[in-house]
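Here the structure comes first, spelled out in structure tokens, and everything after it is commentary.
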Amino acid sequence: KYEELFMFMLKVKFLKSKKRNLNQGYPKEIDMEKINSFIENLPFKLTQDQLTAIDEIIEDLSSKKVMNRLLQGDVGSGKTVVAVIAMYIMYLNDYQSALMVPTEILAKQHYANIKKLFKDIDINVELLISATPKKEKEKIYEELEQGRIDLIVGTHAIIQDNVSFSNLGLVVTDEQHRFGVNQRGNLRSKGKQADILYMSATPIPRTYALTIYGDMDITNIKTMPMNRKEIITYLKHPNEIKDVLTMIKSELDMHHQIYVVAPLIEEGESDLENVNKLTRQFELAFGKKYKIGMLHGKMPSVEKAKIMNEYASGNIDILISTTVIEVGIDVKNATMMVIFDAQKFGLSTLHQLRGRVGRSDLQSYCILISDKDTARLKIMTETTDGFEISEEDFKLRGQGDLFGVRQSGDMTFKISDLKKDYKILMQAKKDAETFVKHNMMNDFPEIKKEVEGSFDLD
């Protein structure tokens, strides 16, 4: 087991050191006076974790090496503003930045927030999504190529073949696990020596982070902004639906908004049936007094955007939806998330859904409805710490099916198990670091041959 894990960690460490030596970054000046002034003029105070993350990024950007960093932290922990400061450093150095996100809703939201943060700075920020009109797209393509756009925010529309940059210096990918390796690579290849910052609101268990992201530096943001209250989570049996409806009503009476998530599809039943059925039930209970909206993946994009905009502007009180709301919807007045058949969802999805509420100083709630009192659901009621939840998820589900998406063969071991053999892994990691640091590869030709044969270093 040790031998297998040692060889794995050695390959990871060797790749990391090779990447560092091969990849010489663009030269950058770090103007601390301007950076500190920008931070001081923000409409909120940064947390200690955010300041530490900024220091680590500044250290990367001021070195000669290309940055390859993963910034992870819970929904609402303030990762975006950290990325904005990295983009500001690039702007001060006359380089372009690109922020790629998985959904159009999230792209529009980031674009609006970034424009606000840069309102007093002469920086040209543009939005590029599939829905951008053709004429406008062509203008953006031309301005990107000529270097007139400093920062582009978009979906995978920014990695199309006809998009080229004048001098792309920083690539930021949000919710990075939702993009394939090729998509991330496509964006990176738009700049010759671009620095890379990945952001994830799905914290990765330490064991996994050491392996799957072993060639990256990792920054964690654990503290939440000061005015945020912890989301109170309840586990309710379907028999207690009356209690749930009473809780919903008390939030509606305070003019707050509610999310209701329909259960996952059963075989032979469509996504639509679940959403339609729940909508009919909620219309009966609340329809006379409150406006109810419905959202699901089969709707045309235009209709989805219309419903989301109505909810965001407060015209819809209860939004009944599938998990399409899991990523990137920021409605500060939404204070309750109700999830039906919660046992059908992975912990990571439940945590992401819960993160749709609690986005202001209002007390927020999450209600999990399930007839199965599982250990997984109990964890949700005991902690709102995404890092803790990801560790528990890992213990319960193991390495193979993390986040509900089976990782490709790179994580399969013949005799080792990352969960059971964690101590051996830690020792293997330590020894592999020593091996690479002291350049011991030449003393062991067989090992050198196997390690170097694993990578196409071009």
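Each chain of the structure tokens is named A, B, ... in the order shown, its residues numbered from 1; ligands are numbered from 1 in display order.
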Once DSSP has gone over the backbone, tell me which residues of range 76-244 of chain A are in alpha helix (DSSP H), as a ChimeraX atom specification. /A:79-92,104-117,134-146,181-188,206-212,241-244
If DSSP is run on the backbone, what residues of range 145-378 of chain A are strand (DSSP E)? A reply as a PyMOL selection string would be ideal. chain A and resi 151-154+168-174+195-200+217-221+232-236+257-261+292-295+318-321+334-339+365-369
Dump as a Markdown table the rows for residues of range 143-182 of chain A within 8 Å of range 74-92 of chain A: closest atom pair and distance in Å with one decimal, only C-alpha atoms counted, ordered by chain and rising residue number.
```
| residue | atom | partner | partner_atom | distance |
| --- | --- | --- | --- | --- |
| A:Asp150 | CA | A:Tyr91 | CA | 6.5 |
| A:Leu151 | CA | A:Met87 | CA | 7.6 |
| A:Gly169 | CA | A:Met90 | CA | 6.7 |
| A:Leu170 | CA | A:Met87 | CA | 7.0 |
| A:Val172 | CA | A:Ala83 | CA | 7.3 |
```
Find, counting only C-alpha atoms, the residue in A:Val244, A:Met441, A:Ile320, A:Ile105 that gets nearest to Ile367 in chain A.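 The closest residue to Ile367 in chain A is A:Val244.
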Do you know which residues are at most 8 Å from Glu126 in chain A counting only C-alpha atoms, after dropping those on the same chain fewer than 6 positions away, and could you put them as a PDB file with N, CA, C and O atoms, in the first residue's frame?
```pdb
ATOM      1  N   TYR A 111     -21.017  39.813 -13.231  1.00  0.00           N
ATOM      2  CA  TYR A 111     -20.770  41.021 -14.039  1.00  0.00           C
ATOM      3  C   TYR A 111     -21.290  42.267 -13.320  1.00  0.00           C
ATOM      4  O   TYR A 111     -20.573  43.261 -13.172  1.00  0.00           O
ATOM      5  N   ILE A 140     -17.340  42.668 -29.148  1.00  0.00           N
ATOM      6  CA  ILE A 140     -16.547  42.178 -28.000  1.00  0.00           C
ATOM      7  C   ILE A 140     -15.316  41.411 -28.491  1.00  0.00           C
ATOM      8  O   ILE A 140     -14.207  41.613 -27.999  1.00  0.00           O
ATOM      9  N   ILE A 149     -10.689  45.608 -24.015  1.00  0.00           N
ATOM     10  CA  ILE A 149     -11.452  45.072 -22.872  1.00  0.00           C
ATOM     11  C   ILE A 149     -10.437  44.542 -21.860  1.00  0.00           C
ATOM     12  O   ILE A 149      -9.560  43.752 -22.198  1.00  0.00           O
ATOM     13  N   LEU A 151     -11.375  43.139 -18.767  1.00  0.00           N
ATOM     14  CA  LEU A 151     -11.893  41.996 -18.000  1.00  0.00           C
ATOM     15  C   LEU A 151     -13.175  41.497 -18.655  1.00  0.00           C
ATOM     16  O   LEU A 151     -14.114  42.264 -18.863  1.00  0.00           O
ATOM     17  N   ILE A 152     -13.184  40.208 -18.994  1.00  0.00           N
ATOM     18  CA  ILE A 152     -14.383  39.620 -19.599  1.00  0.00           C
ATOM     19  C   ILE A 152     -14.986  38.601 -18.627  1.00  0.00           C
ATOM     20  O   ILE A 152     -14.268  37.799 -18.049  1.00  0.00           O
ATOM     21  N   VAL A 153     -16.287  38.693 -18.430  1.00  0.00           N
ATOM     22  CA  VAL A 153     -17.013  37.726 -17.585  1.00  0.00           C
ATOM     23  C   VAL A 153     -17.920  36.955 -18.515  1.00  0.00           C
ATOM     24  O   VAL A 153     -18.615  37.550 -19.350  1.00  0.00           O
TER      25      VAL A 153
END
```
Compile the contact shell of range 299-316 of chain A as a compact mmCIF listing (two decimals) with N, CA and C atoms, in the first residue's frame: residues with an atom at most 10 Å away, counting only C-alpha atoms, same-chain residues fewer than 2 positions apart removed.
```txt
# COMPACT_ATOMS: atom_id res chain seq x y z
N GLU A 104 -25.50 31.25 -17.14
CA GLU A 104 -25.70 32.65 -17.56
C GLU A 104 -26.16 33.52 -16.40
N ILE A 105 -26.99 32.94 -15.52
CA ILE A 105 -27.49 33.70 -14.36
C ILE A 105 -26.31 34.15 -13.51
N ALA A 131 -26.44 34.25 -24.99
CA ALA A 131 -27.57 35.13 -25.32
C ALA A 131 -27.13 36.53 -25.79
N HIS A 255 -42.77 39.10 4.68
CA HIS A 255 -42.41 39.52 3.31
C HIS A 255 -41.08 38.94 2.85
N HIS A 256 -40.73 37.75 3.38
CA HIS A 256 -39.54 37.06 2.90
C HIS A 256 -39.94 36.08 1.80
N GLN A 257 -38.92 35.60 1.05
CA GLN A 257 -39.20 34.67 -0.05
C GLN A 257 -38.70 33.26 0.27
N ILE A 258 -39.29 32.29 -0.45
CA ILE A 258 -39.05 30.86 -0.17
C ILE A 258 -38.61 30.13 -1.43
N TYR A 259 -37.67 29.21 -1.27
CA TYR A 259 -37.35 28.24 -2.34
C TYR A 259 -37.94 26.90 -1.94
N LEU A 272 -40.72 17.06 -14.77
CA LEU A 272 -41.84 17.97 -14.82
C LEU A 272 -42.96 17.60 -13.85
N TYR A 290 -50.33 34.62 -2.28
CA TYR A 290 -48.93 34.79 -2.68
C TYR A 290 -48.69 34.32 -4.11
N LYS A 291 -47.67 34.90 -4.73
CA LYS A 291 -47.34 34.56 -6.12
C LYS A 291 -46.35 33.39 -6.12
N ILE A 292 -46.70 32.36 -6.91
CA ILE A 292 -45.86 31.15 -6.96
C ILE A 292 -45.28 30.99 -8.36
N GLY A 293 -43.98 30.73 -8.43
CA GLY A 293 -43.31 30.53 -9.72
C GLY A 293 -42.76 29.13 -9.82
N MET A 294 -42.53 28.68 -11.06
CA MET A 294 -42.03 27.31 -11.27
C MET A 294 -40.82 27.36 -12.22
N LEU A 295 -39.82 26.56 -11.91
CA LEU A 295 -38.59 26.56 -12.71
C LEU A 295 -38.08 25.14 -12.88
N HIS A 296 -37.75 24.75 -14.11
CA HIS A 296 -37.14 23.42 -14.32
C HIS A 296 -36.24 23.45 -15.55
N GLY A 297 -35.40 22.45 -15.67
CA GLY A 297 -34.38 22.41 -16.72
C GLY A 297 -34.91 22.36 -18.14
N ILE A 318 -42.84 32.41 -3.76
CA ILE A 318 -42.38 31.01 -3.58
C ILE A 318 -41.93 30.51 -4.94
N LEU A 319 -40.67 30.05 -5.01
CA LEU A 319 -40.15 29.49 -6.26
C LEU A 319 -40.01 27.98 -6.11
N VAL A 324 -31.85 23.16 -10.57
CA VAL A 324 -31.23 24.20 -11.43
C VAL A 324 -30.87 25.44 -10.63
N ILE A 325 -31.44 25.59 -9.44
CA ILE A 325 -31.10 26.77 -8.63
C ILE A 325 -29.87 26.54 -7.75
N ILE A 329 -27.47 31.74 -7.59
CA ILE A 329 -28.60 32.66 -7.49
C ILE A 329 -28.50 33.37 -6.15
N ASP A 330 -28.50 34.68 -6.20
CA ASP A 330 -28.24 35.46 -4.99
C ASP A 330 -29.41 36.39 -4.71
N VAL A 331 -30.38 35.89 -3.93
CA VAL A 331 -31.55 36.71 -3.59
C VAL A 331 -31.51 36.93 -2.07
N LYS A 332 -31.16 38.14 -1.69
CA LYS A 332 -30.91 38.41 -0.26
C LYS A 332 -32.16 38.30 0.60
N ASN A 333 -33.35 38.44 0.00
CA ASN A 333 -34.60 38.39 0.76
C ASN A 333 -35.12 36.96 0.94
N ALA A 334 -34.46 35.97 0.29
CA ALA A 334 -34.89 34.57 0.42
C ALA A 334 -34.36 34.02 1.74
```
Minimum-distance residue to Ile379 in chain A, chosen among A:Thr246, A:Lys64, A:Thr335, A:Thr233 (using only C-alpha atoms):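 So, comparing all the options, the nearest one is A:Thr233.
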Please provide as an MDAnalysis selection string all residues within 12 Å of Phe435 in chain A, with the sequence filter that same-chain residues fewer than 5 positions apart are discarded (counting only C-alpha atoms). chainID A and resid 6:7 9:11 13:14 17 428:430 440:444 447:448
Give me a file of those residues, with C-alpha atoms, as a PDB file, in the first residue's frame.
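Output saved as part-v2.pdb:
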```
ATOM      1  CA  PHE A   6       4.283   6.741  -2.565  1.00  0.00           C
ATOM      2  CA  MET A   7       4.520   6.316  -6.355  1.00  0.00           C
ATOM      3  CA  MET A   9       2.325  11.113  -4.580  1.00  0.00           C
ATOM      4  CA  LEU A  10       5.771  11.150  -6.189  1.00  0.00           C
ATOM      5  CA  LYS A  11       4.182  11.584  -9.623  1.00  0.00           C
ATOM      6  CA  LYS A  13       4.913  16.199  -6.619  1.00  0.00           C
ATOM      7  CA  PHE A  14       7.187  15.669  -9.632  1.00  0.00           C
ATOM      8  CA  SER A  17       7.816  20.857  -9.531  1.00  0.00           C
ATOM      9  CA  ALA A 428       3.910   8.798   1.428  1.00  0.00           C
ATOM     10  CA  LYS A 429       3.221  12.477   0.708  1.00  0.00           C
ATOM     11  CA  LYS A 430       5.930  13.594   3.173  1.00  0.00           C
ATOM     12  CA  MET A 440      16.865  11.902  -5.403  1.00  0.00           C
ATOM     13  CA  MET A 441      15.268  10.715  -8.653  1.00  0.00           C
ATOM     14  CA  ASN A 442      18.662  10.167 -10.363  1.00  0.00           C
ATOM     15  CA  ASP A 443      19.679   7.694  -7.631  1.00  0.00           C
ATOM     16  CA  PHE A 444      16.741   5.438  -8.563  1.00  0.00           C
ATOM     17  CA  ILE A 447      11.563   5.060 -10.351  1.00  0.00           C
ATOM     18  CA  LYS A 448      12.732   7.941 -12.579  1.00  0.00           C
TER      19      LYS A 448
END
```
Between CA of Asn162 in chain A and CA of Ala98 in chain A, distance in Å (one decimal):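 If I compute the distance from CA of Asn162 in chain A to CA of Ala98 in chain A, I get 15.1 Å.
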Quick one: residues within 12 Å of Tyr141 in chain A, only C-alpha atoms counted, chain neighbours fewer than 5 positions away excluded, as a list in words?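 Contacts, with the query itself left out: Glu126, Leu127, Leu128, Thr132, Lys134, Lys135, Glu136, Gln146, Gly147, Arg148, Ile149, Ile152, Ala157, Ile158, Ile159, Gln160, Asp161, Asn162, Val163, Ser164, Phe165 and Ser166 of chain A.
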Could you check the closest approach to Asn227 in chain A for each of A:Glu4, A:Asp253, A:Asp361, A:Asp243 and tell me which residue wins, using only C-alpha atoms? A:Asp361
Quick one: everything within 12 Å of Asn41 in chain A, counting only C-alpha atoms, minus sequence neighbours fewer than 2 positions away in the same chain. Send it as a VMD selection string. chain A and resid 34 to 39 43 to 46 116 to 121
